Amino acid sequence: MSRRITAESNARLQSPANSTVDRGSIRLILALVWLGLFSAWFYSFGLPNNRPAERWMVWSALPFDLLDLLDPPTAEPPALAWSWLNLAQRLPFLAVAGFIWTAAIGMGRLELRALRLFSLFDRAERLFFAACLGLSTLSLLMLGFGLVGWMSRWPLLIAMLTTTLMELGLSWRDHRPVAVIGSSNDTDRSSSFGWIVIGIVTPFVFCMLLGAMSPQTDFDVIEYHLGGPKEWFQQGQITRLPHNVYTSFPFLTEMLVLSGMVLYGDWNWGALAGQATIAGFAPLVAIGLYATARRWFSAPAGWFAALIWLTTPWVYRISIIAYAEGGLACYLFAAFAIALRVVWPDEHASQTTAGDQPRPANQPLALYGVCGFLAGSAMACKYTGLISVIIPVGLLIVGMSVPRSLRAVDPRRLVLTGAAFTVGVLIAIGPWLLKNTIETGNPVFPLAYSIFSGNGRDAAMNEQWKRGHSSHYASLSDWIWDWPVKLTDVVANNDWHSVLMFAFAPIALLAVWRRKVWLIWAFVGWQFLTWFLFTHHIDRFYVPMFPIVALLAGCGASWLWTQTPGRWCAGGLIAASLAFNIWIMQNIGGYNAGRTDLRAAENLVVSPSQRWLNDEFAAGRLPTNFKVLCVGEAALFHAKFPYVYNTVFDRSLFEQCFADKSPEESREWLRQRGITHVLVNWSEILRYREPGSYGYTDFAHPDTFAKLQTAGLLGPSLPLPAAASFVPVNDAKRQRVADWAPSLSMTLGDRSAIKAVQVFPVRL
């Protein structure tokens, strides 16, 4: 009897059901161990961009800073005090941004209808892809209007209103219950959970919008992301700006900023409307994450992915600072999401041949074209989209169109698939490449100089560009040893990371969808490798991969949520990390004017020298024909006086004016351009001359200015306020300044300082 019981017990233990239970328990234990170990490792790092702060220090300050959100401390000066009444100042910008988004969605929906893809997507997917298509189309429309000099609001307004009204009419005609094709593998009965997620992320999105409608402080943003559109708006046409090489980049997101300026009728305040427009990429990605995860995984996976994405400090940062990475991240994910439709077709759309595994059925060629257009739009945001999106997505969709049995290959279909994808890419990025080809002879100017050359460039300038925009290693061993360091930076060691991303993403490999998850992880791996191999390792450059990581994290979190002990651990980690992330956003996420008066906020961010010149020019205390030649200064978006300048990677206008010229030749050069003053920003020039920086022409030196004064070309420098004239420095920097130009060093009280900015009148 006992032997029979023992045998039955052994049989039960060896049964498939018990084996499954054991494997499930092992996976759960592995997930919880990873969650604990990774979280401990993550919070062991410091904040490398805000040294000497450490992450553990945040927890002690967290309760008090969270209370400050409810009861802000008294601001100094009082003009910067927060008030809900100041939100009324933002309403015009929100109205313009809302109109741009409405028109873009209308354009995108019309495109889906024209391509006969409208019914292929469910409602969430349709909203996501229509917005992506429409925003890219709108940017091309703005580019076209700008190139022909139609910088008035009316051409743009008429085009946007026409498409919006057309789509409203078609939507009204089609207003009936829509049968969704293959919307998801589960129903959306988790609506209560969804509403909880929406309630959590809404304050995050609100704060992103407030931050986006703030005057900008980042150097790259005010130098060219906003500076280029400002110059085009002022001159009434998009032309080449040979003094700002960055404005030859493809400018998808910047065209949206320019649209805000044109519709608002002002470059300064219209930029805030444009910034609010591109901040909308963050919630748009969240919609795409929800729609994609719901189709291929589950609705909770979609909600978790959206939650993790929108509460990540990096997402907040690229939303409130008008970088191109927000748009690039959106189009990277959109192109990949369409590619998944090819890789994993709906069950009713798959086909199997004898001796072959299920392969994708023939999808509409238009779908491949849309995929190409979205991938090309990624490159239209930033050149890096070529290697991070177009190449991998193109290889993926074309490769998955080839049956494993070569006998079943349809060459015609394969060619048409590749052609449709290529045409879509060219429609999105082609106008930018054509513009550069006409202006410079180089479609990807200023890149690929050794292949295409480029009007206005030479070998020395190209070498300076390459030196400043590539990673440099002394030896192969240094390169090998650095990749785990950089991998650690991408995963954990950065101020604006969220622990939720890589805490949950690997757990997706333990879920029932792990075969699909491997493909997504391979795409993430490609993103890291291209960032590591082909960029100069700026941290925000890897942020566009984070929507893919958030998709994986949503899958991992939703699987863990189904396990009773896993739910408590996951919930606790999410709650704690949300509080931590709020602190990061609040304190080091970037400048957010919030509910302060906008004019007071603008005065706060403008450099002291530019603020003084703005005030003097507006008050009429400068000559009526005042125009300044800027040396070293290129971040001039906030300047409200006439100026000319060049970036560090362009030919020096100062050198062209004075080097190897007689005094009369220099005066004629200045007279032709109407220049009355010369501004030199020594602080910026010294920054460029730092070890490992870009370098700067040796001609821009205090001795040169002394010689020009002796020659009677320049007068004594204007008496700027001390805050605009001098800047404190540490001993190391003072020593470098003393070695290069001792005349710039001085002492203010008991502190070391240097001359920061000088303005010299021109003697014509």
# chains A, B, ... in the order shown; residues from 1 in each chain; ligands from 1
call {"tool": "select_by_dssp", "arguments": {"residues": "region 451-512 of chain A", "states": "alpha helix (DSSP H)", "output": "ChimeraX atom specification"}}
result
/A:451-452,459-468,476-491,499-504
call {"tool": "write_last_selection", "arguments": {"atoms": "N, CA and C atoms", "output": "short mmCIF file (atom, residue, chain, number, x, y, z; two decimals), in the first residue's frame"}}
result
data_model
loop_
_atom_site.label_atom_id
_atom_site.label_comp_id
_atom_site.auth_asym_id
_atom_site.auth_seq_id
_atom_site.Cartn_x
_atom_site.Cartn_y
_atom_site.Cartn_z
N ILE A 451 33.86 62.20 -48.72
CA ILE A 451 33.15 61.64 -49.87
C ILE A 451 32.57 62.76 -50.73
N PHE A 452 31.83 63.67 -50.09
CA PHE A 452 31.09 64.69 -50.84
C PHE A 452 31.72 66.08 -50.80
N ALA A 459 39.61 70.87 -45.18
CA ALA A 459 40.08 69.69 -44.45
C ALA A 459 40.29 70.00 -42.97
N ALA A 460 40.82 71.18 -42.67
CA ALA A 460 41.07 71.53 -41.27
C ALA A 460 39.76 71.64 -40.49
N MET A 461 38.75 72.25 -41.09
CA MET A 461 37.45 72.38 -40.43
C MET A 461 36.81 71.01 -40.24
N ASN A 462 36.97 70.14 -41.24
CA ASN A 462 36.42 68.80 -41.13
C ASN A 462 37.11 68.02 -40.02
N GLU A 463 38.42 68.19 -39.90
CA GLU A 463 39.16 67.49 -38.85
C GLU A 463 38.71 67.98 -37.47
N GLN A 464 38.48 69.29 -37.34
CA GLN A 464 37.97 69.82 -36.07
C GLN A 464 36.60 69.24 -35.75
N TRP A 465 35.75 69.12 -36.77
CA TRP A 465 34.42 68.54 -36.55
C TRP A 465 34.52 67.08 -36.11
N LYS A 466 35.33 66.31 -36.80
CA LYS A 466 35.48 64.89 -36.47
C LYS A 466 36.06 64.73 -35.07
N ARG A 467 37.01 65.58 -34.73
CA ARG A 467 37.63 65.49 -33.40
C ARG A 467 36.61 65.80 -32.30
N GLY A 468 35.69 66.69 -32.60
CA GLY A 468 34.70 67.07 -31.59
C GLY A 468 33.47 66.20 -31.55
N LEU A 476 43.45 50.03 -28.44
CA LEU A 476 42.34 49.08 -28.51
C LEU A 476 41.93 48.60 -27.13
N SER A 477 42.90 48.43 -26.25
CA SER A 477 42.58 47.97 -24.90
C SER A 477 41.73 48.99 -24.16
N ASP A 478 42.01 50.29 -24.37
CA ASP A 478 41.18 51.32 -23.75
C ASP A 478 39.75 51.23 -24.25
N TRP A 479 39.59 50.99 -25.54
CA TRP A 479 38.26 50.85 -26.14
C TRP A 479 37.52 49.65 -25.55
N ILE A 480 38.24 48.53 -25.41
CA ILE A 480 37.61 47.31 -24.88
C ILE A 480 37.19 47.51 -23.43
N TRP A 481 38.04 48.14 -22.65
CA TRP A 481 37.73 48.31 -21.24
C TRP A 481 36.66 49.37 -21.00
N ASP A 482 36.45 50.23 -21.97
CA ASP A 482 35.48 51.30 -21.77
C ASP A 482 34.05 50.87 -22.04
N TRP A 483 33.85 49.81 -22.85
CA TRP A 483 32.46 49.49 -23.19
C TRP A 483 31.64 49.05 -21.98
N PRO A 484 32.18 48.27 -21.02
CA PRO A 484 31.33 47.99 -19.84
C PRO A 484 31.05 49.23 -19.01
N VAL A 485 31.98 50.20 -19.02
CA VAL A 485 31.74 51.45 -18.31
C VAL A 485 30.58 52.19 -18.95
N LYS A 486 30.59 52.26 -20.27
CA LYS A 486 29.52 52.95 -20.99
C LYS A 486 28.20 52.19 -20.86
N LEU A 487 28.26 50.87 -20.84
CA LEU A 487 27.04 50.09 -20.64
C LEU A 487 26.44 50.38 -19.27
N THR A 488 27.29 50.49 -18.28
CA THR A 488 26.82 50.85 -16.94
C THR A 488 26.19 52.24 -16.93
N ASP A 489 26.79 53.17 -17.68
CA ASP A 489 26.22 54.51 -17.76
C ASP A 489 24.82 54.47 -18.37
N VAL A 490 24.66 53.68 -19.42
CA VAL A 490 23.36 53.61 -20.10
C VAL A 490 22.30 52.97 -19.21
N VAL A 491 22.71 52.01 -18.41
CA VAL A 491 21.75 51.24 -17.62
C VAL A 491 21.44 51.91 -16.28
N VAL A 499 15.05 53.71 -12.16
CA VAL A 499 15.37 52.31 -11.84
C VAL A 499 14.38 51.36 -12.50
N LEU A 500 13.18 51.84 -12.80
CA LEU A 500 12.13 50.96 -13.32
C LEU A 500 12.45 50.42 -14.71
N MET A 501 13.21 51.17 -15.50
CA MET A 501 13.50 50.75 -16.87
C MET A 501 14.18 49.38 -16.89
N PHE A 502 15.40 49.34 -16.35
CA PHE A 502 16.20 48.12 -16.46
C PHE A 502 15.99 47.18 -15.28
N ALA A 503 15.20 47.59 -14.30
CA ALA A 503 14.82 46.63 -13.26
C ALA A 503 13.78 45.66 -13.80
N PHE A 504 12.84 46.16 -14.60
CA PHE A 504 11.76 45.30 -15.11
C PHE A 504 12.04 44.74 -16.51
#
call {"tool": "closest_atom_pairs", "arguments": {"of": "region 248-317 of chain A", "to": "region 369-383 of chain A", "cutoff": "7 Å", "atoms": "only C-alpha atoms", "output": "tab-separated table"}}
result
residue	atom	partner	partner_atom	distance
A:Pro250	CA	A:Ala380	CA	4.9
A:Phe251	CA	A:Cys381	CA	5.7
A:Leu252	CA	A:Cys381	CA	4.9
A:Thr253	CA	A:Cys381	CA	6.2
call {"tool": "write_last_selection", "arguments": {"atoms": "C-alpha atoms", "output": "mmCIF file, in the first residue's frame"}}
result
data_model
loop_
_atom_site.group_PDB
_atom_site.id
_atom_site.type_symbol
_atom_site.label_atom_id
_atom_site.label_comp_id
_atom_site.auth_asym_id
_atom_site.auth_seq_id
_atom_site.Cartn_x
_atom_site.Cartn_y
_atom_site.Cartn_z
ATOM 1 C CA PRO A 250 17.709 67.944 -40.929
ATOM 2 C CA PHE A 251 15.347 69.907 -38.705
ATOM 3 C CA LEU A 252 12.043 68.054 -38.317
ATOM 4 C CA THR A 253 11.376 69.141 -34.734
#
call {"tool": "atom_distance", "arguments": {"atom1": "CA of Val96 (chain A)", "atom2": "CA of Gly589 (chain A)"}}
result
25.4 Å
call {"tool": "closest_atom_pairs", "arguments": {"of": "region 22-134 of chain A", "to": "region 337-347 of chain A", "cutoff": "12 Å", "atoms": "only C-alpha atoms", "output": "tab-separated table"}}
result
residue	atom	partner	partner_atom	distance
A:Leu117	CA	A:Ile338	CA	11.8
A:Leu120	CA	A:Arg341	CA	10.2
A:Phe121	CA	A:Arg341	CA	10.3
A:Glu125	CA	A:Ala337	CA	9.7
A:Arg126	CA	A:Ile338	CA	11.7
A:Phe128	CA	A:Ala337	CA	10.5
A:Phe129	CA	A:Ile338	CA	9.0
A:Cys132	CA	A:Ile338	CA	11.8
call {"tool": "write_last_selection", "arguments": {"atoms": "N, CA and C atoms", "output": "PDB file, in the first residue's frame"}}
result
ATOM      1  N   LEU A 117      -5.021  52.141 -45.174  1.00  0.00           N
ATOM      2  CA  LEU A 117      -4.523  51.475 -43.975  1.00  0.00           C
ATOM      3  C   LEU A 117      -5.336  51.842 -42.745  1.00  0.00           C
ATOM      4  N   LEU A 120      -6.696  49.059 -40.682  1.00  0.00           N
ATOM      5  CA  LEU A 120      -5.707  48.071 -40.255  1.00  0.00           C
ATOM      6  C   LEU A 120      -5.340  48.240 -38.785  1.00  0.00           C
ATOM      7  N   PHE A 121      -5.592  49.431 -38.238  1.00  0.00           N
ATOM      8  CA  PHE A 121      -5.178  49.746 -36.875  1.00  0.00           C
ATOM      9  C   PHE A 121      -6.394  49.944 -35.978  1.00  0.00           C
ATOM     10  N   GLU A 125      -3.775  52.741 -31.887  1.00  0.00           N
ATOM     11  CA  GLU A 125      -2.736  52.713 -32.918  1.00  0.00           C
ATOM     12  C   GLU A 125      -2.973  53.798 -33.960  1.00  0.00           C
ATOM     13  N   ARG A 126      -4.234  53.970 -34.330  1.00  0.00           N
ATOM     14  CA  ARG A 126      -4.561  54.955 -35.349  1.00  0.00           C
ATOM     15  C   ARG A 126      -4.186  56.368 -34.881  1.00  0.00           C
ATOM     16  N   PHE A 128      -1.871  57.119 -32.663  1.00  0.00           N
ATOM     17  CA  PHE A 128      -0.419  57.201 -32.586  1.00  0.00           C
ATOM     18  C   PHE A 128       0.208  57.389 -33.960  1.00  0.00           C
ATOM     19  N   PHE A 129      -0.130  56.520 -34.889  1.00  0.00           N
ATOM     20  CA  PHE A 129       0.513  56.587 -36.204  1.00  0.00           C
ATOM     21  C   PHE A 129       0.046  57.810 -37.002  1.00  0.00           C
ATOM     22  N   CYS A 132       2.078  60.724 -35.710  1.00  0.00           N
ATOM     23  CA  CYS A 132       3.463  60.638 -36.188  1.00  0.00           C
ATOM     24  C   CYS A 132       3.560  61.045 -37.652  1.00  0.00           C
TER      25      CYS A 132
END
call {"tool": "residues_around", "arguments": {"residues": "Ala104 (chain A)", "least_positions_apart": "3", "cutoff": "9 Å", "atoms": "only C-alpha atoms", "output": "list in words"}}
result
Phe99, Ile100, Trp101, Met107, Gly108, Arg109, Ala130, Ala131, Cys132, Leu133, Gly134, Leu135, Ser136, Thr137, Leu138, Met160, Thr163 and Thr164 of chain A
call {"tool": "write_last_selection", "arguments": {"atoms": "C-alpha atoms", "output": "PDB file, in the first residue's frame"}}
result
ATOM      1  CA  PHE A  99      -3.976  73.623 -33.105  1.00  0.00           C
ATOM      2  CA  ILE A 100      -0.729  72.231 -34.538  1.00  0.00           C
ATOM      3  CA  TRP A 101      -1.419  68.835 -33.008  1.00  0.00           C
ATOM      4  CA  MET A 107      -3.224  65.153 -41.850  1.00  0.00           C
ATOM      5  CA  GLY A 108      -2.084  61.759 -40.607  1.00  0.00           C
ATOM      6  CA  ARG A 109      -5.580  60.299 -40.629  1.00  0.00           C
ATOM      7  CA  ALA A 130      -1.683  59.401 -37.544  1.00  0.00           C
ATOM      8  CA  ALA A 131       0.000  61.901 -35.221  1.00  0.00           C
ATOM      9  CA  CYS A 132       3.463  60.638 -36.188  1.00  0.00           C
ATOM     10  CA  LEU A 133       2.677  60.856 -39.903  1.00  0.00           C
ATOM     11  CA  GLY A 134       1.000  64.240 -39.589  1.00  0.00           C
ATOM     12  CA  LEU A 135       3.738  65.908 -37.552  1.00  0.00           C
ATOM     13  CA  SER A 136       6.380  64.813 -40.042  1.00  0.00           C
ATOM     14  CA  THR A 137       4.221  65.966 -42.954  1.00  0.00           C
ATOM     15  CA  LEU A 138       3.605  69.307 -41.262  1.00  0.00           C
ATOM     16  CA  MET A 160      -3.741  73.200 -41.682  1.00  0.00           C
ATOM     17  CA  THR A 163      -6.852  69.226 -43.851  1.00  0.00           C
ATOM     18  CA  THR A 164      -8.429  69.466 -40.401  1.00  0.00           C
TER      19      THR A 164
END
call {"tool": "residues_around", "arguments": {"residues": "region 656-666 of chain A", "least_positions_apart": "6", "cutoff": "9 Å", "atoms": "only C-alpha atoms", "output": "PyMOL selection string"}}
result
chain A and resi 699+708+711-713+764
call {"tool": "write_last_selection", "arguments": {"atoms": "N, CA and C atoms", "output": "PDB file, in the first residue's frame"}}
result
ATOM      1  N   PHE A 699      43.743  83.529 -33.086  1.00  0.00           N
ATOM      2  CA  PHE A 699      43.665  84.952 -33.418  1.00  0.00           C
ATOM      3  C   PHE A 699      42.811  85.717 -32.403  1.00  0.00           C
ATOM      4  N   LEU A 708      44.443  96.051 -32.121  1.00  0.00           N
ATOM      5  CA  LEU A 708      43.379  96.720 -32.875  1.00  0.00           C
ATOM      6  C   LEU A 708      43.049  98.074 -32.260  1.00  0.00           C
ATOM      7  N   ALA A 711      45.814 100.371 -33.282  1.00  0.00           N
ATOM      8  CA  ALA A 711      45.679 100.747 -34.693  1.00  0.00           C
ATOM      9  C   ALA A 711      44.507 101.685 -34.925  1.00  0.00           C
ATOM     10  N   GLY A 712      43.736 101.969 -33.892  1.00  0.00           N
ATOM     11  CA  GLY A 712      42.615 102.896 -34.028  1.00  0.00           C
ATOM     12  C   GLY A 712      41.362 102.270 -34.606  1.00  0.00           C
ATOM     13  N   LEU A 713      41.287 100.931 -34.631  1.00  0.00           N
ATOM     14  CA  LEU A 713      40.098 100.254 -35.160  1.00  0.00           C
ATOM     15  C   LEU A 713      39.032 100.059 -34.083  1.00  0.00           C
ATOM     16  N   LEU A 764      35.042 103.773 -37.103  1.00  0.00           N
ATOM     17  CA  LEU A 764      34.993 103.804 -38.563  1.00  0.00           C
ATOM     18  C   LEU A 764      35.478 105.134 -39.114  1.00  0.00           C
TER      19      LEU A 764
END
call {"tool": "closest_atom_pairs", "arguments": {"of": "region 226-253 of chain A", "to": "region 259-266 of chain A", "cutoff": "9 Å", "atoms": "only C-alpha atoms", "output": "CSV"}}
result
residue,atom,partner,partner_atom,distance
A:Pro229,CA,A:Met261,CA,8.3
A:Lys230,CA,A:Met261,CA,8.1
A:Phe233,CA,A:Val262,CA,7.3
call {"tool": "write_last_selection", "arguments": {"atoms": "C-alpha atoms", "output": "PDB file, in the first residue's frame"}}
result
ATOM      1  CA  PRO A 229      14.398  79.052 -36.643  1.00  0.00           C
ATOM      2  CA  LYS A 230      14.662  82.548 -35.118  1.00  0.00           C
ATOM      3  CA  PHE A 233      11.713  83.829 -39.106  1.00  0.00           C
TER       4      PHE A 233
END
call {"tool": "closest_residue", "arguments": {"among": "A:Leu32, A:Val285, A:Ser248, A:Ile675", "to": "Thr564 (chain A)", "atoms": "only C-alpha atoms"}}
result
A:Leu32
call {"tool": "atom_distance", "arguments": {"atom1": "CA of Ser558 (chain A)", "atom2": "CA of Gly572 (chain A)"}}
result
14.1 Å
call {"tool": "closest_residue", "arguments": {"among": "A:Ala756, A:Cys555, A:Leu670, A:Ala732", "to": "Glu684 (chain A)", "atoms": "only C-alpha atoms"}}
result
A:Ala756
call {"tool": "atom_distance", "arguments": {"atom1": "CA of Gln527 (chain A)", "atom2": "CA of Met545 (chain A)"}}
result
6.3 Å
call {"tool": "closest_residue", "arguments": {"among": "A:Gly385, A:Gly270, A:Gly715, A:Pro313", "to": "Ala579 (chain A)", "atoms": "only C-alpha atoms"}}
result
A:Pro313
call {"tool": "closest_residue", "arguments": {"among": "A:Leu110, A:Leu748, A:Val759, A:Leu127", "to": "Glu633 (chain A)", "atoms": "only C-alpha atoms"}}
result
A:Val759
call {"tool": "select_by_dssp", "arguments": {"residues": "region 542-739 of chain A", "states": "strand (DSSP E)", "output": "compact mmCIF listing (two decimals) with N, CA and C atoms, in the first residue's frame"}}
result
# COMPACT_ATOMS: atom_id res chain seq x y z
N VAL A 628 26.34 94.32 -33.51
CA VAL A 628 27.54 93.81 -32.86
C VAL A 628 28.05 92.56 -33.57
N LEU A 629 29.37 92.48 -33.73
CA LEU A 629 30.04 91.28 -34.21
C LEU A 629 30.45 90.48 -32.98
N CYS A 630 29.92 89.26 -32.86
CA CYS A 630 30.16 88.44 -31.68
C CYS A 630 31.35 87.51 -31.92
N VAL A 631 32.26 87.48 -30.97
CA VAL A 631 33.43 86.61 -31.04
C VAL A 631 33.35 85.64 -29.87
N TYR A 643 22.89 91.51 -34.52
CA TYR A 643 24.19 90.89 -34.30
C TYR A 643 24.55 90.01 -35.50
N VAL A 644 25.83 89.72 -35.62
CA VAL A 644 26.34 88.67 -36.52
C VAL A 644 27.28 87.81 -35.69
N HIS A 677 29.98 97.56 -33.23
CA HIS A 677 30.65 97.12 -32.00
C HIS A 677 31.13 95.68 -32.17
N VAL A 678 32.11 95.30 -31.37
CA VAL A 678 32.62 93.93 -31.33
C VAL A 678 32.49 93.42 -29.91
N LEU A 679 31.77 92.30 -29.75
CA LEU A 679 31.62 91.65 -28.43
C LEU A 679 32.48 90.40 -28.41
N VAL A 680 33.27 90.26 -27.37
CA VAL A 680 34.07 89.05 -27.21
C VAL A 680 33.70 88.38 -25.89
N ASN A 681 33.37 87.10 -25.98
CA ASN A 681 33.02 86.32 -24.79
C ASN A 681 34.23 85.45 -24.43
N PHE A 726 32.64 90.02 -15.37
CA PHE A 726 33.57 89.12 -14.71
C PHE A 726 32.85 87.85 -14.27
N VAL A 727 33.63 86.77 -14.13
CA VAL A 727 33.08 85.51 -13.66
C VAL A 727 34.11 84.85 -12.74
N PRO A 728 33.69 84.36 -11.56
CA PRO A 728 34.63 83.68 -10.67
C PRO A 728 35.11 82.36 -11.28
call {"tool": "closest_residue", "arguments": {"among": "A:Ile198, A:Val221, A:Met746, A:Ala305", "to": "Ala293 (chain A)", "atoms": "only C-alpha atoms"}}
result
A:Ala305
call {"tool": "residues_around", "arguments": {"residues": "region 58-60 of chain A", "least_positions_apart": "6", "cutoff": "12 Å", "atoms": "only C-alpha atoms", "output": "list in words"}}
result
Tyr43, Ser44, Phe45, Gly46, Leu47, Leu66, Asp495, Ala576, Ser577, Ala579, Phe580, Asn581, Ile582, Trp583, Ile584, Met585, Gln586, Asn587 and Ile588 of chain A
call {"tool": "write_last_selection", "arguments": {"atoms": "C-alpha atoms", "output": "short mmCIF file (atom, residue, chain, number, x, y, z; two decimals), in the first residue's frame"}}
result
data_model
loop_
_atom_site.label_atom_id
_atom_site.label_comp_id
_atom_site.auth_asym_id
_atom_site.auth_seq_id
_atom_site.Cartn_x
_atom_site.Cartn_y
_atom_site.Cartn_z
CA TYR A 43 20.91 53.33 -5.91
CA SER A 44 24.57 52.76 -5.01
CA PHE A 45 25.64 55.21 -7.73
CA GLY A 46 26.04 58.93 -7.36
CA LEU A 47 24.74 61.69 -9.59
CA LEU A 66 7.73 66.88 -1.93
CA ASP A 495 21.40 61.43 -12.98
CA ALA A 576 9.30 54.43 -4.13
CA SER A 577 10.87 55.16 -7.51
CA ALA A 579 8.76 59.62 -5.39
CA PHE A 580 12.50 59.50 -6.14
CA ASN A 581 11.94 60.50 -9.76
CA ILE A 582 9.78 63.45 -8.72
CA TRP A 583 12.67 64.73 -6.61
CA ILE A 584 15.09 64.37 -9.53
CA MET A 585 12.76 66.22 -11.89
CA GLN A 586 12.02 68.93 -9.36
CA ASN A 587 15.64 69.66 -8.46
CA ILE A 588 17.96 68.66 -11.31
#
